[in-house]
$ cat my_file.txt   # compact mmCIF, C-alpha atoms
# COMPACT_ATOMS: atom_id res chain seq x y z
CA MET I 61 78.44 71.82 -16.70
CA THR I 62 81.55 72.99 -14.92
CA ARG I 63 82.22 72.26 -11.28
CA ALA I 64 81.86 75.98 -10.51
CA ALA I 65 78.17 75.83 -11.35
CA HIS I 66 77.61 73.51 -8.42
CA SER I 67 77.77 74.21 -4.73
CA ALA I 68 81.15 74.07 -3.10
CA PRO I 69 82.09 70.61 -1.74
CA ASP I 70 81.38 69.61 1.86
CA THR I 71 78.98 72.53 2.46
CA PRO I 72 75.64 71.27 3.72
CA GLY I 73 72.43 73.01 2.70
CA VAL I 74 69.87 74.53 5.01
CA ASP I 75 67.92 71.84 6.86
CA PRO I 76 64.69 71.55 4.81
CA ASP I 77 62.68 71.45 8.02
CA ALA I 78 64.08 74.88 8.93
CA LEU I 79 63.39 76.68 5.65
CA ALA I 80 60.01 78.08 6.68
CA HIS I 81 61.48 79.29 9.98
CA THR I 82 64.50 81.02 8.44
CA PRO I 83 64.31 84.72 7.45
CA PRO I 84 65.15 85.39 3.78
CA THR I 85 68.19 87.48 4.73
CA THR I 86 69.61 84.53 6.66
CA LEU I 87 68.94 82.15 3.76
CA ARG I 88 70.70 84.53 1.37
CA ALA I 89 73.73 84.84 3.65
CA HIS I 90 73.86 81.06 3.98
CA LEU I 91 73.86 80.52 0.21
CA ASP I 92 76.34 83.33 -0.42
CA THR I 93 78.91 81.49 1.68
CA ARG I 94 78.20 78.06 0.24
CA LEU I 95 77.59 78.44 -3.48
CA ALA I 96 80.57 78.45 -5.82
CA GLY I 97 81.05 81.27 -8.33
CA ALA I 98 78.81 80.27 -11.24
CA ALA I 99 75.97 79.12 -9.00
CA ARG I 100 76.16 82.27 -6.88
CA ALA I 101 76.15 84.46 -10.02
CA TRP I 102 73.12 82.60 -11.34
CA LEU I 103 71.27 83.11 -8.05
CA ASP I 104 72.14 86.82 -7.99
CA GLN I 105 70.74 87.20 -11.50
CA ALA I 106 67.62 85.16 -10.71
CA LEU I 107 66.87 87.28 -7.65
CA ASP I 108 67.46 90.52 -9.55
CA GLU I 109 65.10 89.35 -12.31
CA ALA I 110 62.44 88.37 -9.78
CA ALA I 111 62.66 91.74 -8.03
CA ALA I 112 62.56 93.66 -11.32
CA HIS I 113 59.73 91.68 -12.91
CA PRO I 114 57.59 90.28 -10.10
CA GLY I 115 54.42 89.96 -12.19
CA VAL I 116 53.50 87.65 -15.00
CA HIS I 117 55.01 88.45 -18.39
CA GLY I 118 53.52 86.32 -21.13
CA PRO I 119 52.38 82.77 -20.36
CA ILE I 120 54.97 82.43 -17.59
CA SER I 121 57.13 84.87 -15.65
CA VAL I 122 60.92 84.85 -15.83
CA TRP I 123 61.29 84.02 -12.15
CA GLU I 124 59.07 80.97 -12.51
CA LEU I 125 61.48 79.61 -15.10
CA ARG I 126 64.31 80.14 -12.61
CA LEU I 127 62.46 78.02 -10.05
CA ALA I 128 62.63 75.13 -12.49
CA GLU I 129 66.38 75.64 -13.02
CA ALA I 130 67.40 75.88 -9.37
CA GLY I 131 68.30 72.24 -8.88
CA ARG I 132 70.56 72.15 -11.91
CA ARG I 133 72.16 75.50 -11.15
CA CYS I 134 72.61 75.35 -7.38
CA GLY I 135 72.74 71.65 -6.65
CA SER I 136 70.08 69.61 -4.91
CA GLU I 137 71.27 70.48 -1.40
CA HIS I 138 70.73 74.22 -1.96
CA ALA I 139 67.90 74.24 -4.50
CA ASP I 140 65.04 74.46 -1.99
CA ALA I 141 66.56 77.50 -0.32
CA ALA I 142 67.21 79.15 -3.71
CA ARG I 143 63.59 78.62 -4.77
CA VAL I 144 62.29 80.12 -1.54
CA LEU I 145 64.51 83.17 -2.05
CA ILE I 146 63.24 83.63 -5.60
CA LEU I 147 59.64 83.55 -4.39
CA HIS I 148 60.49 86.19 -1.79
CA ALA I 149 62.31 88.37 -4.30
CA ALA I 150 59.29 88.20 -6.63
CA HIS I 151 56.95 89.17 -3.76
CA ALA I 152 54.77 86.32 -4.99
CA ASP I 153 51.16 86.93 -4.05
CA ILE I 154 48.54 84.28 -3.45
CA ASP I 155 47.64 84.05 -7.15
CA ALA I 156 51.28 83.54 -8.16
CA LEU I 157 51.91 81.06 -5.36
CA THR I 158 48.81 79.10 -6.30
CA ARG I 159 49.85 79.00 -9.95
CA VAL I 160 53.35 77.77 -9.09
CA TYR I 161 51.96 75.17 -6.70
CA ARG I 162 49.35 73.86 -9.13
CA GLN I 163 51.64 73.78 -12.17
CA GLY I 164 55.01 73.07 -10.58
CA THR I 165 57.02 70.01 -9.69
CA ALA I 166 57.03 68.51 -6.21
CA ALA I 167 60.17 70.54 -5.45
CA GLU I 168 58.46 73.78 -6.52
CA ARG I 169 55.39 72.95 -4.45
CA ARG I 170 57.61 72.42 -1.42
CA ALA I 171 59.19 75.82 -2.00
CA VAL I 172 55.78 77.47 -2.07
CA LEU I 173 54.82 75.85 1.23
CA HIS I 174 58.11 76.87 2.84
CA ALA I 175 57.63 80.46 1.66
CA LEU I 176 54.07 80.90 2.92
CA PRO I 177 54.82 82.16 6.45
CA HIS I 178 56.68 85.21 5.12
CA LEU I 179 54.52 85.91 2.06
CA VAL I 180 50.89 85.29 3.06
CA PRO I 181 49.78 86.97 6.30
CA GLY I 182 46.29 85.48 6.40
CA PRO I 183 44.66 82.10 5.75
CA ASP I 184 44.25 82.56 1.98
CA ALA I 185 46.84 79.87 1.17
CA LEU I 186 45.21 77.17 3.29
CA PRO I 187 43.90 75.33 0.18
CA LEU I 188 47.53 74.67 -0.79
CA VAL I 189 48.34 73.28 2.64
CA GLU I 190 45.20 71.16 2.59
CA ASP I 191 46.12 69.78 -0.83
CA ALA I 192 49.60 68.83 0.39
CA LEU I 193 48.14 67.11 3.44
CA ARG I 194 46.12 64.84 1.15
CA THR I 195 49.27 63.42 -0.44
CA ASN I 196 51.57 60.66 0.75
CA ASP I 197 54.71 62.52 -0.34
CA THR I 198 56.56 62.77 2.97
CA ARG I 199 58.71 65.73 1.90
CA LEU I 200 55.61 67.65 0.83
CA LEU I 201 53.85 66.72 4.06
CA THR I 202 56.83 67.93 6.07
CA ALA I 203 56.68 71.28 4.29
CA ALA I 204 52.91 71.48 4.78
CA VAL I 205 53.01 71.18 8.59
CA GLY I 206 55.28 74.18 9.06
CA PRO I 207 54.54 77.49 10.81
CA TYR I 208 51.87 78.57 8.31
CA ALA I 209 49.80 75.49 9.14
CA ALA I 210 50.42 76.00 12.86
CA ARG I 211 49.09 79.52 12.53
CA HIS I 212 46.05 78.95 10.34
CA LEU I 213 44.80 75.34 10.33
CA ASP I 214 41.68 74.95 12.44
CA PRO I 215 41.83 72.42 15.31
CA HIS I 216 40.12 69.64 13.35
CA GLN I 217 42.43 70.00 10.33
CA TRP I 218 45.49 70.36 12.52
CA ARG I 219 44.77 67.19 14.51
CA HIS I 220 44.36 65.23 11.30
CA ALA I 221 47.65 66.65 10.04
CA VAL I 222 49.37 65.27 13.14
CA LEU I 223 47.77 61.87 12.53
CA LYS I 224 48.80 61.99 8.87
CA CYS I 225 52.40 62.48 9.95
CA LEU I 226 52.16 59.39 12.15
CA PHE I 227 50.53 57.38 9.35
CA THR I 228 53.27 58.26 6.85
CA GLY I 229 56.32 58.26 9.12
CA VAL I 230 56.92 62.02 9.05
CA PRO I 231 58.57 62.88 12.42
CA VAL I 232 56.23 64.85 14.65
CA ASP I 233 59.13 67.23 15.29
CA ALA I 234 58.33 68.58 11.82
CA VAL I 235 54.94 69.83 13.07
CA ALA I 236 55.47 73.49 13.90
CA GLY I 237 53.90 74.59 17.17
CA LEU I 238 53.23 71.00 18.26
CA ASP I 239 53.98 71.63 21.94
CA ARG I 240 51.73 74.69 22.06
CA ARG I 241 48.78 73.33 20.08
CA ALA I 242 48.80 69.82 21.54
CA ALA I 243 48.84 71.03 25.14
CA GLY I 244 45.54 70.24 26.85
CA ASP I 245 43.96 68.97 23.60
CA ALA I 246 41.69 66.19 24.84
CA GLU I 247 40.35 65.44 21.36
CA LEU I 248 43.86 64.94 19.97
CA ALA I 249 44.61 62.68 22.95
CA ARG I 250 41.53 60.61 22.13
CA MET I 251 42.49 60.31 18.46
CA LEU I 252 46.05 59.30 19.32
CA GLY I 253 44.79 56.77 21.86
CA ASP I 254 42.42 55.26 19.30
CA TYR I 255 45.22 55.00 16.74
CA ALA I 256 47.54 53.36 19.28
CA ALA I 257 44.81 50.87 20.20
CA GLU I 258 44.19 50.02 16.54
CA ARG I 259 47.87 49.32 15.94
CA THR I 260 48.17 47.25 19.12
CA ALA I 261 45.10 45.19 18.18
CA ALA I 262 46.62 44.54 14.77
CA GLY I 263 49.88 43.39 16.33
CA ARG I 264 51.75 46.40 15.00
CA GLU I 265 54.26 48.53 16.86
CA VAL I 266 53.09 51.87 18.20
CA PRO I 267 55.46 54.61 16.96
CA GLU I 268 57.52 56.36 19.61
CA ASP I 269 56.39 59.67 18.09
CA LEU I 270 52.81 58.79 19.01
CA HIS I 271 53.77 58.40 22.66
CA ARG I 272 55.58 61.73 22.51
CA ALA I 273 52.62 63.55 20.97
CA LEU I 274 50.25 61.92 23.44
CA ALA I 275 52.42 63.05 26.36
CA LEU I 276 52.27 66.61 25.05
CA THR I 277 48.48 66.60 25.28
CA GLN I 278 48.79 66.08 29.03
CA ALA I 279 50.57 69.42 29.53
CA THR I 280 48.54 72.54 30.24
CA PRO I 281 48.81 75.38 27.71
CA THR I 282 50.70 77.44 30.31
CA GLU I 283 53.26 74.67 30.87
CA SER I 284 53.73 74.24 27.14
CA LYS I 285 54.36 77.96 26.64
CA GLU I 286 56.96 77.99 29.42
CA GLN I 287 58.77 74.98 27.95
CA SER I 288 58.86 76.33 24.39
$ encode --input "my_file.txt" --output "structure tokens"
Amino acid sequence: MTRAAHSAPDTPGVDPDALAHTPPTTLRAHLDTRLAGAARAWLDQALDEAAAHPGVHGPISVWELRLAEAGRRCGSEHADAARVLILHAAHADIDALTRVYRQGTAAERRAVLHALPHLVPGPDALPLVEDALRTNDTRLLTAAVGPYAARHLDPHQWRHAVLKCLFTGVPVDAVAGLDRRAAGDAELARMLGDYAAERTAAGREVPEDLHRALALTQATPTESKEQS
């Protein structure tokens, strides 16, 4: 493959933690300025194909094939953003997103999770988030605790997602809406306290992130909203 098919040198990709928060138009503008000629042409074609043929054609749609190619075509630092853009261009509905998630690679599953806030208005995609939260893949977990989870996970599920981040070393900063949802949450405070006590009793260090999350539970919801 020629150098032109890769991203231009010294051009960082979008922070993976920010993908779910970034509007598609901003992602597109970012990639347009960072992809070299061949990669940018490939992305343009992939997005045009997704927009023109958003449904399933045969056993697999054209745009789903492009999801699998994104890493090779755009480079690893831009592949996640490219996949999210393709899902947006295809107007992937819950059935398509579920199919990609269930059949795709870890990278494709991450893209689905990042795309959820802009593609699924209601809680229909929660089974995908719940599946990701059962894994120990930290990149998948990071994608799972984004704004879609903040919006739709019930309190019990959300608290366990916070604990899962602490168990696996995912920074709690990755948890969208943490300040707002943790504020005044006595049950989360109890769970965090129990976890800290267990680690202390076992002679293990208590993560700094746990102290931070615990401190957030002491704020009132009003204070949290003002600080956010």
$ atom_distance --input "my_file.txt" --atom1 "CA of Glu124 in chain I" --atom2 "CA of Val160 in chain I"
7.4 Å
$ closest_residue --input "my_file.txt" --among "I:Ala152, I:Val222, I:Thr86, I:Val172" --to "Ala203 in chain I" --atoms "all atoms listed in the file"
I:Val172
$ closest_residue --input "my_file.txt" --among "I:Ala149, I:Leu252, I:Leu188, I:Val180" --to "Thr85 in chain I" --atoms "all atoms listed in the file"
I:Ala149
$ atom_distance --input "my_file.txt" --atom1 "CA of Thr165 in chain I" --atom2 "CA of Thr202 in chain I"
15.9 Å
$ closest_residue --input "my_file.txt" --among "I:Gly237, I:Asn196, I:Arg169, I:Gly263" --to "His81 in chain I" --atoms "all atoms listed in the file"
I:Gly237
$ atom_distance --input "my_file.txt" --atom1 "CA of Cys225 in chain I" --atom2 "CA of Arg143 in chain I"
24.5 Å
$ closest_residue --input "my_file.txt" --among "I:Val230, I:Ala185, I:Ala150, I:Val266" --to "Ala111 in chain I" --atoms "only C-alpha atoms"
I:Ala150
$ residues_near_point --input "my_file.txt" --point "(48.0, 67.3, 15.1)" --cutoff "8 Å" --atoms "all atoms listed in the file" --output "VMD selection string"
chain I and resid 217 to 223 235 238 241 to 242 248
$ closest_residue --input "my_file.txt" --among "I:Arg133, I:Glu268, I:Ala209, I:Gly164" --to "Gly97 in chain I" --atoms "only C-alpha atoms"
I:Arg133
$ residues_around --input "my_file.txt" --residues "Leu201 in chain I" --least-positions-apart "2" --cutoff "10 Å" --atoms "only C-alpha atoms" --output "PyMOL selection string"
chain I and resi 170+173+189-199+203-206+221+224-225+228+230+234-235
$ residues_around --input "my_file.txt" --residues "Ala106 in chain I" --least-positions-apart "5" --cutoff "8 Å" --atoms "all atoms listed in the file" --output "PyMOL selection string"
chain I and resi 123+126+146
$ closest_residue --input "my_file.txt" --among "I:Thr158, I:Ser136, I:Thr82, I:Gln278" --to "His174 in chain I" --atoms "all atoms listed in the file"
I:Thr82
